[in-house]
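Data from final_5.txt: compact mmCIF, C-alpha atoms
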```
# COMPACT_ATOMS: atom_id res chain seq x y z
CA MET A 1 53.31 89.84 138.48
CA ASP A 2 53.42 88.87 142.17
CA ASP A 3 55.77 90.46 144.71
CA ASP A 4 58.41 87.73 144.39
CA GLU A 5 58.42 88.01 140.59
CA GLU A 6 58.73 91.81 140.81
CA PHE A 7 61.70 91.44 143.15
CA ARG A 8 63.41 88.82 140.95
CA TYR A 9 62.90 91.02 137.88
CA ALA A 10 64.36 94.07 139.69
CA LEU A 11 67.33 92.07 140.99
CA GLU A 12 68.12 90.57 137.58
CA THR A 13 67.90 94.04 136.00
CA VAL A 14 70.44 95.46 138.46
CA LEU A 15 72.69 92.42 138.13
CA ARG A 16 72.95 93.13 134.38
CA ASP A 17 74.73 96.36 135.34
CA VAL A 18 76.98 94.52 137.81
CA ARG A 19 77.96 92.00 135.12
CA ALA A 20 78.55 94.83 132.64
CA GLN A 21 80.83 97.00 134.75
CA CYS A 22 81.85 95.59 138.11
CA PRO A 23 85.08 93.61 138.42
CA VAL A 24 83.73 91.78 141.49
CA GLN A 25 80.78 89.47 140.89
CA PRO A 26 78.44 88.26 143.63
CA ASP A 27 77.78 84.71 144.72
CA ILE A 28 73.98 84.86 145.01
CA ARG A 29 72.21 82.64 147.52
CA LYS A 30 68.62 82.42 148.64
CA GLY A 31 67.96 83.98 152.01
CA GLY A 32 66.70 81.98 154.98
CA ASP A 33 63.08 81.02 155.54
CA ASP A 34 62.36 84.26 157.40
CA PHE A 35 64.12 86.45 154.82
CA ARG A 36 62.29 87.39 151.64
CA GLY A 37 65.31 88.24 149.56
CA VAL A 38 68.74 86.99 148.57
CA MET A 39 72.22 87.17 150.00
CA LEU A 40 75.08 88.52 147.89
CA TYR A 41 78.50 87.23 148.90
CA ALA A 42 81.85 88.75 147.97
CA PRO A 43 85.01 86.71 147.28
CA ASP A 44 86.21 87.43 150.84
CA GLY A 45 83.11 85.69 152.26
CA SER A 46 81.34 88.83 153.43
CA GLY A 47 77.68 89.01 152.57
CA GLN A 48 74.79 91.41 152.42
CA GLY A 49 71.09 90.83 152.14
CA VAL A 50 69.07 92.36 149.33
CA TYR A 51 65.32 92.51 149.70
CA ALA A 52 62.38 94.52 148.52
CA GLU A 53 59.07 95.66 149.83
CA PRO A 54 56.99 96.10 146.67
CA ASP A 55 54.50 98.93 146.87
CA GLY A 56 53.08 98.92 143.36
CA ARG A 57 55.72 101.30 141.97
CA PRO A 58 58.08 99.21 139.83
CA ALA A 59 60.60 102.00 139.23
CA MET A 60 60.89 102.73 142.96
CA LEU A 61 61.38 99.02 143.65
CA LEU A 62 64.12 98.89 141.01
CA ALA A 63 65.91 101.94 142.45
CA HIS A 64 65.65 100.47 145.98
CA VAL A 65 67.19 97.17 144.87
CA ALA A 66 69.89 99.06 142.92
CA ASP A 67 70.81 101.00 146.09
CA GLN A 68 71.30 97.78 148.03
CA VAL A 69 73.32 96.07 145.30
CA GLN A 70 75.44 99.21 144.99
CA GLU A 71 76.19 99.05 148.73
CA TRP A 72 77.31 95.44 148.31
CA ALA A 73 79.44 96.28 145.25
CA VAL A 74 81.24 99.19 146.93
CA GLU A 75 82.09 97.03 149.97
CA ALA A 76 83.14 94.09 147.78
CA LEU A 77 85.37 96.32 145.65
CA TRP A 78 86.99 97.81 148.75
CA GLY A 79 87.54 94.31 150.14
CA GLN A 80 89.40 93.36 146.95
CA GLY A 81 91.62 96.46 147.03
CA GLU A 82 89.80 98.02 144.07
CA PRO A 83 88.51 101.61 143.92
CA ALA A 84 85.25 101.51 145.89
CA VAL A 85 83.25 103.32 143.21
CA TRP A 86 80.43 101.50 141.40
CA PRO A 87 78.91 102.31 139.04
CA GLN A 88 81.50 104.82 137.88
CA CYS A 89 80.20 108.25 136.91
CA PRO A 90 81.28 108.64 133.26
CA SER A 91 81.68 112.39 133.75
CA HIS A 92 83.73 112.21 136.96
CA LEU A 93 85.79 109.02 136.82
CA ASP A 94 87.17 107.68 140.10
CA THR A 95 85.50 110.44 142.12
CA HIS A 96 82.01 109.20 142.91
CA PRO A 97 79.53 106.52 141.89
CA LEU A 98 76.31 107.14 140.05
CA ALA A 99 73.17 107.26 142.19
CA ALA A 100 70.00 105.24 141.65
CA THR A 101 66.86 107.33 141.45
CA VAL A 102 63.53 107.58 139.68
CA GLU A 103 62.94 110.26 137.07
CA LYS A 104 59.73 112.19 137.16
CA GLY A 105 57.47 111.15 134.33
CA GLU A 106 54.92 113.20 132.49
CA ALA A 107 52.17 114.79 134.56
CA GLY A 108 54.07 114.00 137.76
CA GLU A 109 53.86 110.23 137.25
CA GLU A 110 56.69 107.87 138.05
CA GLY A 111 59.30 107.73 135.30
CA ASP A 112 62.20 105.34 134.71
CA ALA A 113 64.63 104.08 137.33
CA VAL A 114 67.98 105.55 136.29
CA TRP A 115 71.61 106.01 137.27
CA VAL A 116 72.42 109.73 137.62
CA CYS A 117 75.48 111.79 138.43
CA PRO A 118 74.89 113.04 141.98
CA SER A 119 76.81 116.26 141.20
CA THR A 120 75.05 117.36 138.01
CA GLY A 121 71.84 115.32 137.94
CA ASP A 122 72.72 114.09 134.44
CA THR A 123 71.24 110.71 133.58
CA ALA A 124 73.93 108.20 132.60
CA ALA A 125 71.65 105.23 131.83
CA ARG A 126 68.51 103.43 132.82
CA ILE A 127 69.13 100.90 135.55
CA GLY A 128 69.89 97.64 133.79
CA GLU A 129 71.28 99.35 130.71
CA LEU A 130 74.82 100.36 131.66
CA PRO A 131 77.09 99.67 128.70
CA VAL A 132 79.50 96.75 128.91
CA SER A 133 82.97 98.09 129.58
CA LYS A 134 85.72 97.07 127.17
CA SER A 135 87.89 95.75 129.98
CA GLY A 136 85.00 94.23 131.90
CA GLU A 137 86.07 96.36 134.85
CA GLY A 138 84.35 99.65 135.49
CA VAL A 139 83.11 102.27 133.10
CA SER A 140 84.82 102.66 129.77
CA ARG A 141 87.14 105.66 129.86
CA ARG A 142 85.65 107.26 126.77
CA GLY A 143 82.91 109.83 127.08
CA ARG A 144 79.21 109.15 126.64
CA GLY A 145 77.10 111.41 124.54
CA GLY A 146 73.38 111.96 124.58
CA ARG A 147 72.90 112.29 128.32
CA LYS A 148 69.79 114.07 129.34
CA ARG A 149 69.25 116.18 132.41
CA SER A 150 67.37 114.67 135.32
CA ARG A 151 66.27 115.79 138.72
CA ARG A 152 66.86 113.54 141.67
CA GLY A 153 63.38 112.46 142.55
CA ARG A 154 63.62 109.94 145.33
```
In structure tokens, what does this structure look like?
Amino acid sequence: MDDDEEFRYALETVLRDVRAQCPVQPDIRKGGDDFRGVMLYAPDGSGQGVYAEPDGRPAMLLAHVADQVQEWAVEALWGQGEPAVWPQCPSHLDTHPLAATVEKGEAGEEGDAVWVCPSTGDTAARIGELPVSKSGEGVSRRGRGGRKRSRRGR
């Protein structure tokens, strides 16, 4: 997989989570000739670039792209008068968003790119695997079982 394919894969993975749980959806446009990335535009016309600098660590690339898309989503939500929290922490609704990070794998190797609660370190989901909310807006208000503990390993 070349660098552009790795970026497109990471972006599409994060956008699955946006489609699953964010009430504001981006208008995605290719960046200019000098920009190796895409522009995400909010309904109010504001935009933000999303790019990646692949370094051979797919999970780190995915977490990096997730951070940038999260920045866009929070600003877009705020611009629409919505709570500026995305993705919602299922344990602490309307207080803080989940954080993108990479779990430590076995023998110190890179693990999965995941969304974690920044307060407890609990893993909510792998990036790209947030559940679809019933309302299509934000995290479902019912609890999630089976979370495992994670350390923030950026």
Exercise. Which of these residues is nearest to A:Tyr9, using only C-alpha atoms: A:Val74, A:Gly108, A:Ala59, A:Cys89?
Worked result: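 So, comparing all the options, the nearest one is A:Ala59.
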Problem set entry | Ref. answer, residues at most 9 Å from (66.0, 91.0, 147.4) with all atoms listed in the file, as a list in words |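 Selection result: Asp4, Phe7, Arg8, Ala10, Leu11, Gly31, Phe35, Arg36, Gly37, Val38, Met39, Gly49, Val50, Tyr51, Ala52, Glu53, Val65 and Gln68 of chain A.
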Problem set entry | Spatial neighbours of A:Pro54, max dist 9 Å, all atoms listed in the file, sep filter under 2 positions, as a count of residues only | 10
Problem set entry | Atom pair atom CA of A:Trp78 / atom CA of A:Asp112: separation (Å) |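 Going from atom CA of A:Trp78 over to atom CA of A:Asp112 covers 29.5 Å.
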Could you work out an axis-aligned bounding box for all listed atoms of stretch 28-41 of chain A, with 5 Å added on each of the six sides, and give its centre and edge lengths in Å to one decimal, as lines of an AutoDock Vina configuration file?
```
center_x = 70.4
center_y = 84.8
center_z = 151.2
size_x = 26.2
size_y = 17.5
size_z = 22.4
```
For this session: Quick one: residues within 10 Å of (64.3, 102.7, 138.9) (file frame), counting only C-alpha atoms, please, as a count of residues only.
Result: 28
Report the closest atom pair, with its distance in Å rounded to one decimal, for each residue of stretch 56-138 of chain A that has an atom no farther than 12 Å from stretch 16-20 of chain A; count all atoms listed in the file, sort by chain and then rising residue number, and write it as JSON lines.
```
{"residue": "A:Ala66", "atom": "CA", "partner": "A:Asp17", "partner_atom": "CA", "distance": 9.4}
{"residue": "A:Val69", "atom": "CA", "partner": "A:Val18", "partner_atom": "CA", "distance": 8.5}
{"residue": "A:Gln70", "atom": "CA", "partner": "A:Val18", "partner_atom": "CA", "distance": 8.7}
{"residue": "A:Glu71", "atom": "CA", "partner": "A:Val18", "partner_atom": "CA", "distance": 11.8}
{"residue": "A:Trp72", "atom": "CA", "partner": "A:Val18", "partner_atom": "CA", "distance": 10.5}
{"residue": "A:Ala73", "atom": "CA", "partner": "A:Val18", "partner_atom": "CA", "distance": 8.0}
{"residue": "A:Val74", "atom": "CA", "partner": "A:Val18", "partner_atom": "CA", "distance": 11.1}
{"residue": "A:Ala76", "atom": "CA", "partner": "A:Val18", "partner_atom": "CA", "distance": 11.7}
{"residue": "A:Leu77", "atom": "CA", "partner": "A:Val18", "partner_atom": "CA", "distance": 11.6}
{"residue": "A:Trp86", "atom": "CA", "partner": "A:Val18", "partner_atom": "CA", "distance": 8.6}
{"residue": "A:Pro87", "atom": "CA", "partner": "A:Val18", "partner_atom": "CA", "distance": 8.1}
{"residue": "A:Gln88", "atom": "CA", "partner": "A:Asp17", "partner_atom": "CA", "distance": 11.1}
{"residue": "A:Leu98", "atom": "CA", "partner": "A:Asp17", "partner_atom": "CA", "distance": 11.9}
{"residue": "A:Ala100", "atom": "CA", "partner": "A:Asp17", "partner_atom": "CA", "distance": 11.9}
{"residue": "A:Val114", "atom": "CA", "partner": "A:Asp17", "partner_atom": "CA", "distance": 11.4}
{"residue": "A:Trp115", "atom": "CA", "partner": "A:Asp17", "partner_atom": "CA", "distance": 10.3}
{"residue": "A:Ala125", "atom": "CA", "partner": "A:Asp17", "partner_atom": "CA", "distance": 10.0}
{"residue": "A:Arg126", "atom": "CA", "partner": "A:Asp17", "partner_atom": "CA", "distance": 9.7}
{"residue": "A:Ile127", "atom": "CA", "partner": "A:Asp17", "partner_atom": "CA", "distance": 7.2}
{"residue": "A:Gly128", "atom": "CA", "partner": "A:Asp17", "partner_atom": "CA", "distance": 5.2}
{"residue": "A:Glu129", "atom": "CA", "partner": "A:Asp17", "partner_atom": "CA", "distance": 6.5}
{"residue": "A:Leu130", "atom": "CA", "partner": "A:Asp17", "partner_atom": "CA", "distance": 5.4}
{"residue": "A:Pro131", "atom": "CA", "partner": "A:Ala20", "partner_atom": "CA", "distance": 6.4}
{"residue": "A:Val132", "atom": "CA", "partner": "A:Ala20", "partner_atom": "CA", "distance": 4.3}
{"residue": "A:Ser133", "atom": "CA", "partner": "A:Ala20", "partner_atom": "CA", "distance": 6.3}
{"residue": "A:Lys134", "atom": "CA", "partner": "A:Ala20", "partner_atom": "CA", "distance": 9.3}
{"residue": "A:Ser135", "atom": "CA", "partner": "A:Ala20", "partner_atom": "CA", "distance": 9.8}
{"residue": "A:Gly136", "atom": "CA", "partner": "A:Ala20", "partner_atom": "CA", "distance": 6.5}
{"residue": "A:Glu137", "atom": "CA", "partner": "A:Ala20", "partner_atom": "CA", "distance": 8.0}
{"residue": "A:Gly138", "atom": "CA", "partner": "A:Ala20", "partner_atom": "CA", "distance": 8.1}
```
Exercise. Mind pulling up the distance from atom CA of A:His96 to atom CA of A:Gly121?
Worked result: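 Those two atoms sit 12.9 Å apart.
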For this session: Between atom CA of A:Gly81 and atom CA of A:Cys22, measure the distance and give it in Å to one decimal.
Result: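 These atoms are spaced 13.3 Å apart.
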Seminar exercise, completed: Shortest contact to A:Gly45, candidates A:Gly32, A:Gln80, A:Glu109, A:Pro23, atoms counted only C-alpha atoms, goes to A:Gln80
Problem set entry | Nearest residue to A:Ala42 from the set A:His92, A:Leu15, A:Glu75, A:Lys30 (distances using only C-alpha atoms) |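 Among the listed residues, the smallest separation from A:Ala42 belongs to A:Glu75.
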